[in-house]
file model.txt (compact mmCIF, N, CA and C atoms and all ligand atoms)
# COMPACT_ATOMS: atom_id res chain seq x y z
N MET A 1 2.58 4.82 5.39
CA MET A 1 2.37 5.47 6.68
C MET A 1 3.73 5.71 7.34
N SER A 2 3.75 6.75 8.12
CA SER A 2 5.01 7.01 8.81
C SER A 2 4.78 7.65 10.17
N VAL A 3 5.73 7.35 11.06
CA VAL A 3 5.74 7.99 12.37
C VAL A 3 6.40 9.35 12.19
N LEU A 4 5.68 10.41 12.57
CA LEU A 4 6.20 11.76 12.38
C LEU A 4 6.91 12.24 13.65
N PRO A 5 7.91 13.10 13.48
CA PRO A 5 8.55 13.67 14.67
C PRO A 5 7.58 14.60 15.42
N ILE A 6 7.58 14.49 16.75
CA ILE A 6 6.69 15.32 17.57
C ILE A 6 7.45 16.55 18.06
N ILE A 7 6.83 17.69 17.88
CA ILE A 7 7.43 18.96 18.31
C ILE A 7 7.35 19.07 19.83
N ILE A 8 8.44 19.48 20.42
CA ILE A 8 8.57 19.54 21.87
C ILE A 8 8.78 20.99 22.33
N GLY A 9 8.18 21.32 23.47
CA GLY A 9 8.52 22.60 24.11
C GLY A 9 7.36 23.57 24.20
N ALA A 10 7.09 24.06 25.41
CA ALA A 10 5.94 24.95 25.64
C ALA A 10 6.06 26.27 24.88
N ASP A 11 7.28 26.64 24.50
CA ASP A 11 7.46 27.92 23.82
C ASP A 11 7.61 27.77 22.31
N HIS A 12 7.46 26.53 21.82
CA HIS A 12 7.62 26.34 20.37
C HIS A 12 6.52 27.08 19.61
N PRO A 13 6.89 27.96 18.68
CA PRO A 13 5.86 28.77 18.00
C PRO A 13 4.80 27.94 17.26
N LEU A 14 5.19 26.77 16.72
CA LEU A 14 4.20 25.97 15.99
C LEU A 14 3.14 25.38 16.92
N LEU A 15 3.51 25.19 18.19
CA LEU A 15 2.53 24.68 19.16
C LEU A 15 1.61 25.78 19.66
N ARG A 16 1.96 27.03 19.34
CA ARG A 16 1.20 28.18 19.82
C ARG A 16 0.33 28.81 18.74
N LYS A 17 0.37 28.21 17.54
CA LYS A 17 -0.36 28.75 16.41
C LYS A 17 -1.77 28.16 16.36
N LYS A 18 -2.75 29.01 16.05
CA LYS A 18 -4.12 28.52 15.90
C LYS A 18 -4.25 27.81 14.56
N THR A 19 -4.95 26.69 14.54
CA THR A 19 -5.08 25.92 13.30
C THR A 19 -6.20 26.49 12.43
N LYS A 20 -6.21 26.01 11.16
CA LYS A 20 -7.25 26.46 10.21
C LYS A 20 -8.22 25.33 9.90
N SER A 21 -9.49 25.67 9.83
CA SER A 21 -10.52 24.67 9.50
C SER A 21 -10.22 24.02 8.16
N VAL A 22 -10.53 22.74 8.07
CA VAL A 22 -10.28 21.99 6.85
C VAL A 22 -11.51 22.13 5.95
N PRO A 23 -11.32 22.60 4.70
CA PRO A 23 -12.50 22.79 3.84
C PRO A 23 -13.08 21.47 3.33
N LYS A 24 -12.24 20.45 3.20
CA LYS A 24 -12.68 19.22 2.54
C LYS A 24 -11.78 18.07 2.99
N VAL A 25 -12.38 16.87 3.07
CA VAL A 25 -11.58 15.70 3.40
C VAL A 25 -10.91 15.21 2.10
N THR A 26 -9.62 15.47 2.01
CA THR A 26 -8.86 15.10 0.82
C THR A 26 -7.99 13.87 1.12
N LYS A 27 -7.41 13.32 0.06
CA LYS A 27 -6.47 12.20 0.22
C LYS A 27 -5.31 12.60 1.10
N GLU A 28 -4.84 13.83 0.91
CA GLU A 28 -3.71 14.34 1.68
C GLU A 28 -4.07 14.39 3.17
N LEU A 29 -5.31 14.81 3.44
CA LEU A 29 -5.75 14.88 4.84
C LEU A 29 -5.84 13.48 5.45
N LEU A 30 -6.33 12.53 4.66
CA LEU A 30 -6.43 11.15 5.17
C LEU A 30 -5.05 10.57 5.43
N LYS A 31 -4.07 10.99 4.62
CA LYS A 31 -2.70 10.53 4.85
C LYS A 31 -2.18 11.12 6.16
N LEU A 32 -2.46 12.40 6.39
CA LEU A 32 -2.06 13.03 7.65
C LEU A 32 -2.68 12.27 8.83
N ILE A 33 -3.96 11.91 8.71
CA ILE A 33 -4.64 11.19 9.80
C ILE A 33 -3.98 9.84 10.04
N LYS A 34 -3.65 9.14 8.96
CA LYS A 34 -2.96 7.84 9.10
C LYS A 34 -1.61 8.01 9.79
N ASP A 35 -0.87 9.04 9.38
CA ASP A 35 0.44 9.30 9.99
C ASP A 35 0.28 9.66 11.48
N LEU A 36 -0.76 10.44 11.77
CA LEU A 36 -1.01 10.79 13.18
C LEU A 36 -1.35 9.53 13.99
N GLN A 37 -2.12 8.62 13.38
CA GLN A 37 -2.47 7.35 14.05
C GLN A 37 -1.19 6.58 14.41
N GLU A 38 -0.30 6.49 13.42
CA GLU A 38 0.97 5.79 13.63
C GLU A 38 1.80 6.46 14.72
N THR A 39 1.83 7.78 14.65
CA THR A 39 2.67 8.56 15.56
C THR A 39 2.19 8.44 17.00
N VAL A 40 0.87 8.54 17.20
CA VAL A 40 0.33 8.49 18.57
C VAL A 40 0.45 7.08 19.14
N LYS A 41 0.33 6.09 18.25
CA LYS A 41 0.49 4.70 18.69
C LYS A 41 1.94 4.45 19.13
N ASP A 42 2.85 4.94 18.31
CA ASP A 42 4.28 4.79 18.59
C ASP A 42 4.66 5.47 19.91
N ALA A 43 4.02 6.64 20.17
CA ALA A 43 4.35 7.41 21.37
C ALA A 43 3.51 6.98 22.56
N ASP A 44 2.55 6.06 22.33
CA ASP A 44 1.69 5.57 23.40
C ASP A 44 0.90 6.70 24.06
N GLY A 45 0.34 7.58 23.23
CA GLY A 45 -0.44 8.70 23.75
C GLY A 45 -1.93 8.44 23.70
N ALA A 46 -2.70 9.32 24.38
CA ALA A 46 -4.16 9.21 24.37
C ALA A 46 -4.76 10.12 23.30
N GLY A 47 -3.89 10.87 22.64
CA GLY A 47 -4.37 11.75 21.59
C GLY A 47 -3.21 12.53 21.02
N ILE A 48 -3.47 13.16 19.87
CA ILE A 48 -2.43 13.98 19.23
C ILE A 48 -3.13 14.98 18.32
N ALA A 49 -2.52 16.15 18.18
CA ALA A 49 -3.11 17.19 17.34
C ALA A 49 -2.12 17.62 16.27
N ALA A 50 -2.66 18.09 15.14
CA ALA A 50 -1.82 18.42 13.99
C ALA A 50 -0.63 19.34 14.31
N PRO A 51 -0.82 20.38 15.15
CA PRO A 51 0.34 21.25 15.43
C PRO A 51 1.52 20.51 16.03
N GLN A 52 1.26 19.40 16.70
CA GLN A 52 2.35 18.63 17.33
C GLN A 52 3.26 17.97 16.31
N VAL A 53 2.78 17.87 15.06
CA VAL A 53 3.65 17.36 14.00
C VAL A 53 3.86 18.44 12.93
N ALA A 54 3.81 19.71 13.39
CA ALA A 54 4.13 20.86 12.53
C ALA A 54 3.13 21.07 11.40
N ARG A 55 1.86 20.72 11.63
CA ARG A 55 0.83 20.96 10.61
C ARG A 55 -0.17 21.98 11.14
N THR A 56 -0.89 22.62 10.21
CA THR A 56 -1.76 23.72 10.61
C THR A 56 -3.25 23.40 10.42
N GLU A 57 -3.56 22.17 9.99
CA GLU A 57 -4.97 21.80 9.82
C GLU A 57 -5.66 21.62 11.18
N ARG A 58 -6.96 21.94 11.22
CA ARG A 58 -7.73 21.73 12.45
C ARG A 58 -8.15 20.26 12.54
N VAL A 59 -7.18 19.43 12.89
CA VAL A 59 -7.37 17.99 12.94
C VAL A 59 -6.65 17.44 14.17
N CYS A 60 -7.31 16.50 14.84
CA CYS A 60 -6.64 15.80 15.93
C CYS A 60 -7.20 14.39 16.05
N LEU A 61 -6.55 13.58 16.85
CA LEU A 61 -7.05 12.26 17.19
C LEU A 61 -7.24 12.23 18.70
N ALA A 62 -8.28 11.54 19.14
CA ALA A 62 -8.50 11.43 20.58
C ALA A 62 -9.02 10.03 20.90
N LEU A 63 -8.54 9.52 22.02
CA LEU A 63 -8.98 8.22 22.50
C LEU A 63 -10.37 8.39 23.12
N ILE A 64 -11.37 7.86 22.43
CA ILE A 64 -12.76 7.97 22.89
C ILE A 64 -13.32 6.55 23.01
N SER A 65 -13.78 6.20 24.19
CA SER A 65 -14.27 4.83 24.46
C SER A 65 -13.24 3.79 24.03
N GLY A 66 -11.97 4.09 24.27
CA GLY A 66 -10.91 3.14 23.98
C GLY A 66 -10.49 3.05 22.52
N LYS A 67 -11.09 3.88 21.67
CA LYS A 67 -10.70 3.87 20.25
C LYS A 67 -10.13 5.22 19.86
N MET A 68 -9.09 5.20 19.03
CA MET A 68 -8.46 6.44 18.57
C MET A 68 -9.27 6.99 17.40
N ILE A 69 -10.00 8.08 17.67
CA ILE A 69 -10.95 8.61 16.69
C ILE A 69 -10.38 9.88 16.04
N PRO A 70 -10.35 9.95 14.69
CA PRO A 70 -9.93 11.18 14.03
C PRO A 70 -11.05 12.23 14.10
N LEU A 71 -10.69 13.44 14.50
CA LEU A 71 -11.65 14.53 14.61
C LEU A 71 -11.22 15.65 13.66
N ILE A 72 -12.03 15.90 12.65
CA ILE A 72 -11.75 16.97 11.69
C ILE A 72 -12.64 18.16 12.05
N ASN A 73 -12.04 19.34 12.11
CA ASN A 73 -12.74 20.57 12.52
C ASN A 73 -13.55 20.38 13.81
N PRO A 74 -12.96 19.79 14.84
CA PRO A 74 -13.73 19.57 16.06
C PRO A 74 -14.10 20.89 16.73
N LYS A 75 -15.31 20.90 17.28
CA LYS A 75 -15.76 22.09 18.01
C LYS A 75 -16.55 21.62 19.22
N ILE A 76 -16.19 22.14 20.37
CA ILE A 76 -16.94 21.82 21.58
C ILE A 76 -18.06 22.85 21.68
N THR A 77 -19.29 22.38 21.55
CA THR A 77 -20.42 23.31 21.50
C THR A 77 -21.06 23.50 22.87
N LYS A 78 -20.81 22.58 23.79
CA LYS A 78 -21.33 22.72 25.16
C LYS A 78 -20.31 22.16 26.14
N LYS A 79 -20.17 22.86 27.25
CA LYS A 79 -19.27 22.40 28.32
C LYS A 79 -20.05 22.48 29.62
N SER A 80 -20.01 21.43 30.42
CA SER A 80 -20.70 21.49 31.71
C SER A 80 -20.00 22.48 32.63
N GLU A 81 -20.80 23.13 33.48
CA GLU A 81 -20.22 24.04 34.47
C GLU A 81 -19.37 23.24 35.44
N GLU A 82 -19.83 22.02 35.70
CA GLU A 82 -19.12 21.15 36.65
C GLU A 82 -17.78 20.74 36.05
N LYS A 83 -16.74 20.94 36.85
CA LYS A 83 -15.40 20.56 36.39
C LYS A 83 -14.78 19.58 37.35
N GLU A 84 -13.83 18.82 36.84
CA GLU A 84 -13.03 17.99 37.74
C GLU A 84 -11.57 18.15 37.33
N SER A 85 -10.69 18.03 38.33
CA SER A 85 -9.27 18.19 38.08
C SER A 85 -8.60 16.83 38.00
N ALA A 86 -7.66 16.69 37.08
CA ALA A 86 -6.85 15.47 37.03
C ALA A 86 -5.52 15.83 36.40
N GLU A 87 -4.53 15.00 36.70
CA GLU A 87 -3.19 15.24 36.18
C GLU A 87 -3.12 14.83 34.72
N GLU A 88 -2.57 15.72 33.90
CA GLU A 88 -2.41 15.43 32.47
C GLU A 88 -0.94 15.56 32.08
N GLY A 89 -0.57 14.76 31.10
CA GLY A 89 0.73 14.92 30.46
C GLY A 89 0.48 15.28 29.01
N CYS A 90 1.57 15.51 28.27
CA CYS A 90 1.43 15.89 26.87
C CYS A 90 2.65 15.36 26.12
N LEU A 91 2.43 14.80 24.93
CA LEU A 91 3.54 14.25 24.15
C LEU A 91 4.56 15.34 23.80
N SER A 92 4.11 16.59 23.78
CA SER A 92 5.02 17.69 23.44
C SER A 92 5.74 18.26 24.65
N LEU A 93 5.35 17.79 25.85
CA LEU A 93 5.96 18.30 27.08
C LEU A 93 6.41 17.14 27.96
N PRO A 94 7.42 16.39 27.50
CA PRO A 94 7.83 15.21 28.26
C PRO A 94 8.31 15.58 29.66
N GLY A 95 7.91 14.75 30.62
CA GLY A 95 8.35 14.97 31.99
C GLY A 95 7.53 15.99 32.76
N ILE A 96 6.53 16.58 32.11
CA ILE A 96 5.72 17.61 32.78
C ILE A 96 4.32 17.04 33.03
N ALA A 97 3.83 17.22 34.25
CA ALA A 97 2.46 16.83 34.58
C ALA A 97 1.79 18.01 35.27
N VAL A 98 0.57 18.32 34.82
CA VAL A 98 -0.15 19.47 35.36
C VAL A 98 -1.56 19.04 35.73
N ASP A 99 -2.02 19.51 36.89
CA ASP A 99 -3.41 19.30 37.28
C ASP A 99 -4.27 20.26 36.48
N VAL A 100 -5.14 19.72 35.66
CA VAL A 100 -5.94 20.59 34.79
C VAL A 100 -7.42 20.39 35.11
N PRO A 101 -8.12 21.49 35.45
CA PRO A 101 -9.57 21.38 35.63
C PRO A 101 -10.25 21.35 34.26
N ARG A 102 -11.11 20.38 34.05
CA ARG A 102 -11.83 20.26 32.76
C ARG A 102 -13.31 20.04 33.04
N SER A 103 -14.14 20.47 32.11
CA SER A 103 -15.56 20.18 32.22
C SER A 103 -15.78 18.68 32.20
N VAL A 104 -16.71 18.22 33.06
CA VAL A 104 -16.97 16.79 33.20
C VAL A 104 -17.69 16.25 31.96
N GLU A 105 -18.57 17.09 31.39
CA GLU A 105 -19.34 16.67 30.22
C GLU A 105 -19.23 17.72 29.12
N ILE A 106 -19.09 17.24 27.89
CA ILE A 106 -19.06 18.17 26.76
C ILE A 106 -19.92 17.63 25.61
N THR A 107 -20.31 18.54 24.74
CA THR A 107 -20.89 18.13 23.45
C THR A 107 -19.88 18.51 22.39
N LEU A 108 -19.56 17.54 21.54
CA LEU A 108 -18.53 17.71 20.52
C LEU A 108 -19.13 17.55 19.14
N LYS A 109 -18.84 18.52 18.26
CA LYS A 109 -19.20 18.39 16.86
C LYS A 109 -17.92 18.27 16.05
N TYR A 110 -17.93 17.40 15.05
CA TYR A 110 -16.75 17.25 14.19
C TYR A 110 -17.14 16.58 12.89
N ILE A 111 -16.19 16.53 11.98
CA ILE A 111 -16.36 15.81 10.71
C ILE A 111 -15.54 14.53 10.83
N ASP A 112 -16.13 13.41 10.44
CA ASP A 112 -15.36 12.16 10.52
C ASP A 112 -14.54 11.95 9.25
N ALA A 113 -13.76 10.86 9.23
CA ALA A 113 -12.84 10.62 8.11
C ALA A 113 -13.58 10.38 6.79
N LYS A 114 -14.89 10.09 6.88
CA LYS A 114 -15.68 9.92 5.65
C LYS A 114 -16.32 11.24 5.20
N GLY A 115 -16.04 12.30 5.96
CA GLY A 115 -16.57 13.61 5.59
C GLY A 115 -17.95 13.87 6.16
N LYS A 116 -18.41 13.01 7.06
CA LYS A 116 -19.75 13.12 7.63
C LYS A 116 -19.72 13.91 8.95
N ALA A 117 -20.69 14.80 9.10
CA ALA A 117 -20.79 15.57 10.35
C ALA A 117 -21.27 14.67 11.48
N GLN A 118 -20.63 14.79 12.63
CA GLN A 118 -20.96 13.97 13.79
C GLN A 118 -21.17 14.85 15.00
N GLU A 119 -21.99 14.39 15.92
CA GLU A 119 -22.15 15.06 17.21
C GLU A 119 -22.17 14.00 18.29
N ARG A 120 -21.36 14.20 19.33
CA ARG A 120 -21.30 13.22 20.42
C ARG A 120 -21.27 13.94 21.76
N LYS A 121 -21.91 13.31 22.73
CA LYS A 121 -21.80 13.78 24.12
C LYS A 121 -20.75 12.91 24.81
N LEU A 122 -19.80 13.55 25.47
CA LEU A 122 -18.71 12.81 26.10
C LEU A 122 -18.60 13.18 27.57
N LYS A 123 -18.09 12.24 28.34
CA LYS A 123 -17.95 12.45 29.78
C LYS A 123 -16.57 12.03 30.25
N HIS A 124 -16.19 12.64 31.40
CA HIS A 124 -15.00 12.22 32.15
C HIS A 124 -13.76 12.09 31.26
N PHE A 125 -13.12 10.92 31.21
CA PHE A 125 -11.84 10.78 30.51
C PHE A 125 -11.96 11.17 29.03
N ASP A 126 -13.01 10.68 28.37
CA ASP A 126 -13.19 11.00 26.94
C ASP A 126 -13.30 12.51 26.73
N ALA A 127 -14.07 13.15 27.61
CA ALA A 127 -14.25 14.61 27.52
C ALA A 127 -12.93 15.33 27.79
N ARG A 128 -12.17 14.80 28.73
CA ARG A 128 -10.88 15.40 29.09
C ARG A 128 -9.90 15.34 27.91
N VAL A 129 -9.79 14.17 27.30
CA VAL A 129 -8.85 14.01 26.18
C VAL A 129 -9.22 14.96 25.04
N VAL A 130 -10.51 15.04 24.75
CA VAL A 130 -10.94 15.91 23.64
C VAL A 130 -10.66 17.38 23.97
N GLN A 131 -10.90 17.79 25.22
CA GLN A 131 -10.62 19.18 25.60
C GLN A 131 -9.13 19.48 25.48
N HIS A 132 -8.29 18.51 25.85
CA HIS A 132 -6.84 18.67 25.72
C HIS A 132 -6.44 18.85 24.25
N GLU A 133 -6.99 17.99 23.38
CA GLU A 133 -6.60 18.05 21.96
C GLU A 133 -7.15 19.31 21.29
N VAL A 134 -8.39 19.68 21.62
CA VAL A 134 -8.96 20.90 21.02
C VAL A 134 -8.16 22.13 21.49
N ASP A 135 -7.68 22.10 22.73
CA ASP A 135 -6.78 23.17 23.20
C ASP A 135 -5.57 23.30 22.27
N HIS A 136 -4.98 22.16 21.89
CA HIS A 136 -3.82 22.20 20.98
C HIS A 136 -4.17 22.94 19.69
N LEU A 137 -5.38 22.74 19.19
CA LEU A 137 -5.78 23.35 17.93
C LEU A 137 -5.95 24.86 18.06
N GLU A 138 -6.03 25.32 19.34
CA GLU A 138 -6.13 26.76 19.62
C GLU A 138 -4.79 27.32 20.11
N GLY A 139 -3.77 26.48 20.11
CA GLY A 139 -2.46 26.93 20.58
C GLY A 139 -2.31 26.96 22.09
N VAL A 140 -3.18 26.21 22.79
CA VAL A 140 -3.16 26.19 24.26
C VAL A 140 -2.54 24.89 24.75
N LEU A 141 -1.67 24.99 25.76
CA LEU A 141 -1.00 23.81 26.32
C LEU A 141 -1.32 23.69 27.81
N ILE A 142 -1.08 22.48 28.35
CA ILE A 142 -1.43 22.24 29.76
C ILE A 142 -0.70 23.18 30.72
N VAL A 143 0.51 23.61 30.36
CA VAL A 143 1.25 24.51 31.26
C VAL A 143 0.51 25.84 31.44
N ASP A 144 -0.37 26.17 30.50
CA ASP A 144 -1.14 27.42 30.61
C ASP A 144 -2.12 27.37 31.79
N TYR A 145 -2.40 26.17 32.29
CA TYR A 145 -3.33 26.03 33.41
C TYR A 145 -2.61 26.12 34.75
N GLN A 146 -1.28 26.11 34.72
CA GLN A 146 -0.51 26.11 35.94
C GLN A 146 -0.78 27.35 36.79
N ALA A 147 -0.87 28.50 36.12
CA ALA A 147 -1.05 29.77 36.83
C ALA A 147 -2.40 29.79 37.55
N ILE A 148 -3.41 29.19 36.89
CA ILE A 148 -4.76 29.18 37.48
C ILE A 148 -4.79 28.22 38.66
N GLY A 149 -3.90 27.24 38.63
CA GLY A 149 -3.86 26.30 39.73
C GLY A 149 -4.75 25.13 39.44
ZN ZN A 201 -0.87 17.46 24.36

call {"tool": "encode", "arguments": {"input": "model.txt", "output": "structure tokens"}}
result
Amino acid sequence: MSVLPIIIGADHPLLRKKTKSVPKVTKELLKLIKDLQETVKDADGAGIAAPQVARTERVCLALISGKMIPLINPKITKKSEEKESAEEGCLSLPGIAVDVPRSVEITLKYIDAKGKAQERKLKHFDARVVQHEVDHLEGVLIVDYQAIG
């Protein structure tokens, strides 16, 4: 396992690239997940997405109920109309904090590290972290919310 370098900067092209769905859970993918686990732990983050370590797979980790959960091909299938705003930071944007409105409740579908399809309903902080990480997989960063206020 290794701690990977984290890409920094709102204008970095790799952070702006849309990721590709993973066709299969391979050994290589599990190694990437392990490295992401190490990297996010080392950086003391609440989540991390593949583009932040210069990878293009649709994979991220998110702190859900206090556990760092690997999410393969995550998709938010439902978002509550109700939103709440809170300040977020990002490992790729050190020193920057943005008030980001996020849906209070979401339904999340993903593949787990065993290759099994999962569906979970998440609220508040858990929902916020997942929305932040899924944004990364679409090339969206917290600074993009600044204009909206
Ligand atoms: Zn981030």

call {"tool": "residues_near_ligand", "arguments": {"input": "model.txt", "ligand": "ligand ZN 201 (chain A)", "cutoff": "6 Å", "atoms": "only C-alpha atoms and all ligand atoms", "output": "ChimeraX atom specification"}}
result
/A:90-92

call {"tool": "write_last_selection", "arguments": {"input": "model.txt", "atoms": "N, CA and C atoms", "output": "JSON list (two decimals), in the coordinates of the input"}}
result
[["chain", "number", "residue", "atom", "x", "y", "z"],
["A", 90, "CYS", "N", 1.57, 15.51, 28.27],
["A", 90, "CYS", "CA", 1.43, 15.89, 26.87],
["A", 90, "CYS", "C", 2.65, 15.36, 26.12],
["A", 91, "LEU", "N", 2.43, 14.80, 24.93],
["A", 91, "LEU", "CA", 3.54, 14.25, 24.15],
["A", 91, "LEU", "C", 4.56, 15.34, 23.80],
["A", 92, "SER", "N", 4.11, 16.59, 23.78],
["A", 92, "SER", "CA", 5.02, 17.69, 23.44],
["A", 92, "SER", "C", 5.74, 18.26, 24.65]]

call {"tool": "residues_around", "arguments": {"input": "model.txt", "residues": "Thr56 of chain A", "least_positions_apart": "5", "cutoff": "6 Å", "atoms": "all atoms listed in the file", "output": "PyMOL selection string"}}
result
chain A and resi 19-20+50-51

call {"tool": "residues_around", "arguments": {"input": "model.txt", "residues": "segment 36-38 of chain A", "least_positions_apart": "6", "cutoff": "6 Å", "atoms": "all atoms listed in the file", "output": "ChimeraX atom specification"}}
result
/A:2-4

call {"tool": "residues_around", "arguments": {"input": "model.txt", "residues": "Lys78 of chain A", "least_positions_apart": "3", "cutoff": "6 Å", "atoms": "only N, CA and C atoms", "output": "list of chain:residue names"}}
result
A:Glu105, A:Ile106, A:Thr107, A:Leu108

call {"tool": "atom_distance", "arguments": {"input": "model.txt", "atom1": "atom CA of Ala54 of chain A", "atom2": "atom CA of Glu88 of chain A"}}
result
21.7 Å

call {"tool": "closest_residue", "arguments": {"input": "model.txt", "among": "A:Ala46, A:Leu30, A:Ala97, A:Ile76", "to": "Ile64 of chain A", "atoms": "only C-alpha atoms"}}
result
A:Ala46

call {"tool": "residues_around", "arguments": {"input": "model.txt", "residues": "segment 135-139 of chain A", "least_positions_apart": "3", "cutoff": "7 Å", "atoms": "only C-alpha atoms", "output": "PDB file with N, CA and C atoms, keeping the file's coordinate frame"}}
result
ATOM      1  N   LEU A  15       3.510  25.190  18.190  1.00  0.00           N
ATOM      2  CA  LEU A  15       2.530  24.680  19.160  1.00  0.00           C
ATOM      3  C   LEU A  15       1.610  25.780  19.660  1.00  0.00           C
ATOM      4  N   ARG A  16       1.960  27.030  19.340  1.00  0.00           N
ATOM      5  CA  ARG A  16       1.200  28.180  19.820  1.00  0.00           C
ATOM      6  C   ARG A  16       0.330  28.810  18.740  1.00  0.00           C
ATOM      7  N   LYS A  17       0.370  28.210  17.540  1.00  0.00           N
ATOM      8  CA  LYS A  17      -0.360  28.750  16.410  1.00  0.00           C
ATOM      9  C   LYS A  17      -1.770  28.160  16.360  1.00  0.00           C
ATOM     10  N   LYS A  18      -2.750  29.010  16.050  1.00  0.00           N
ATOM     11  CA  LYS A  18      -4.120  28.520  15.900  1.00  0.00           C
ATOM     12  C   LYS A  18      -4.250  27.810  14.560  1.00  0.00           C
ATOM     13  N   THR A  19      -4.950  26.690  14.540  1.00  0.00           N
ATOM     14  CA  THR A  19      -5.080  25.920  13.300  1.00  0.00           C
ATOM     15  C   THR A  19      -6.200  26.490  12.430  1.00  0.00           C
ATOM     16  N   ALA A  49      -2.520  16.150  18.180  1.00  0.00           N
ATOM     17  CA  ALA A  49      -3.110  17.190  17.340  1.00  0.00           C
ATOM     18  C   ALA A  49      -2.120  17.620  16.270  1.00  0.00           C
ATOM     19  N   PRO A  51      -0.820  20.380  15.150  1.00  0.00           N
ATOM     20  CA  PRO A  51       0.340  21.250  15.430  1.00  0.00           C
ATOM     21  C   PRO A  51       1.520  20.510  16.030  1.00  0.00           C
ATOM     22  N   ARG A  58      -6.960  21.940  11.220  1.00  0.00           N
ATOM     23  CA  ARG A  58      -7.730  21.730  12.450  1.00  0.00           C
ATOM     24  C   ARG A  58      -8.150  20.260  12.540  1.00  0.00           C
ATOM     25  N   GLN A 131     -10.900  17.790  25.220  1.00  0.00           N
ATOM     26  CA  GLN A 131     -10.620  19.180  25.600  1.00  0.00           C
ATOM     27  C   GLN A 131      -9.130  19.480  25.480  1.00  0.00           C
ATOM     28  N   HIS A 132      -8.290  18.510  25.850  1.00  0.00           N
ATOM     29  CA  HIS A 132      -6.840  18.670  25.720  1.00  0.00           C
ATOM     30  C   HIS A 132      -6.440  18.850  24.250  1.00  0.00           C
TER      31      HIS A 132
END

call {"tool": "residues_around", "arguments": {"input": "model.txt", "residues": "Lys109 of chain A", "least_positions_apart": "5", "cutoff": "6 Å", "atoms": "all atoms listed in the file", "output": "mmCIF file with N, CA and C atoms, keeping the file's coordinate frame"}}
result
data_model
loop_
_atom_site.group_PDB
_atom_site.id
_atom_site.type_symbol
_atom_site.label_atom_id
_atom_site.label_comp_id
_atom_site.auth_asym_id
_atom_site.auth_seq_id
_atom_site.Cartn_x
_atom_site.Cartn_y
_atom_site.Cartn_z
ATOM 1 N N ASN A 73 -12.040 19.340 12.110
ATOM 2 C CA ASN A 73 -12.740 20.570 12.520
ATOM 3 C C ASN A 73 -13.550 20.380 13.810
ATOM 4 N N PRO A 74 -12.960 19.790 14.840
ATOM 5 C CA PRO A 74 -13.730 19.570 16.060
ATOM 6 C C PRO A 74 -14.100 20.890 16.730
ATOM 7 N N LYS A 75 -15.310 20.900 17.280
ATOM 8 C CA LYS A 75 -15.760 22.090 18.010
ATOM 9 C C LYS A 75 -16.550 21.620 19.220
ATOM 10 N N ILE A 76 -16.190 22.140 20.370
ATOM 11 C CA ILE A 76 -16.940 21.820 21.580
ATOM 12 C C ILE A 76 -18.060 22.850 21.680
ATOM 13 N N THR A 77 -19.290 22.380 21.550
ATOM 14 C CA THR A 77 -20.420 23.310 21.500
ATOM 15 C C THR A 77 -21.060 23.500 22.870
ATOM 16 N N GLN A 118 -20.630 14.790 12.630
ATOM 17 C CA GLN A 118 -20.960 13.970 13.790
ATOM 18 C C GLN A 118 -21.170 14.850 15.000
ATOM 19 N N GLU A 119 -21.990 14.390 15.920
ATOM 20 C CA GLU A 119 -22.150 15.060 17.210
ATOM 21 C C GLU A 119 -22.170 14.000 18.290
ATOM 22 N N ARG A 120 -21.360 14.200 19.330
ATOM 23 C CA ARG A 120 -21.300 13.220 20.420
ATOM 24 C C ARG A 120 -21.270 13.940 21.760
#

call {"tool": "select_by_dssp", "arguments": {"input": "model.txt", "residues": "segment 58-92 of chain A", "states": "strand (DSSP E or B)", "output": "list in words"}}
result
Val59, Cys60, Leu61, Ala62, Leu63, Ile64, Lys67, Met68, Ile69, Pro70, Leu71, Ile72, Asn73, Pro74, Lys75, Ile76, Thr77, Lys78, Lys79, Lys83, Glu84, Ser85, Ala86, Glu87 and Glu88 of chain A

call {"tool": "atom_distance", "arguments": {"input": "model.txt", "atom1": "atom CA of Tyr145 of chain A", "atom2": "atom CA of Thr39 of chain A"}}
result
25.7 Å

call {"tool": "closest_residue", "arguments": {"input": "model.txt", "among": "A:Ile48, A:Leu32, A:Val53, A:Val25", "to": "Ile6 of chain A", "atoms": "all atoms listed in the file"}}
result
A:Val53

call {"tool": "atom_distance", "arguments": {"input": "model.txt", "atom1": "atom N of Glu84 of chain A", "atom2": "atom N of Ser103 of chain A"}}
result
5.0 Å
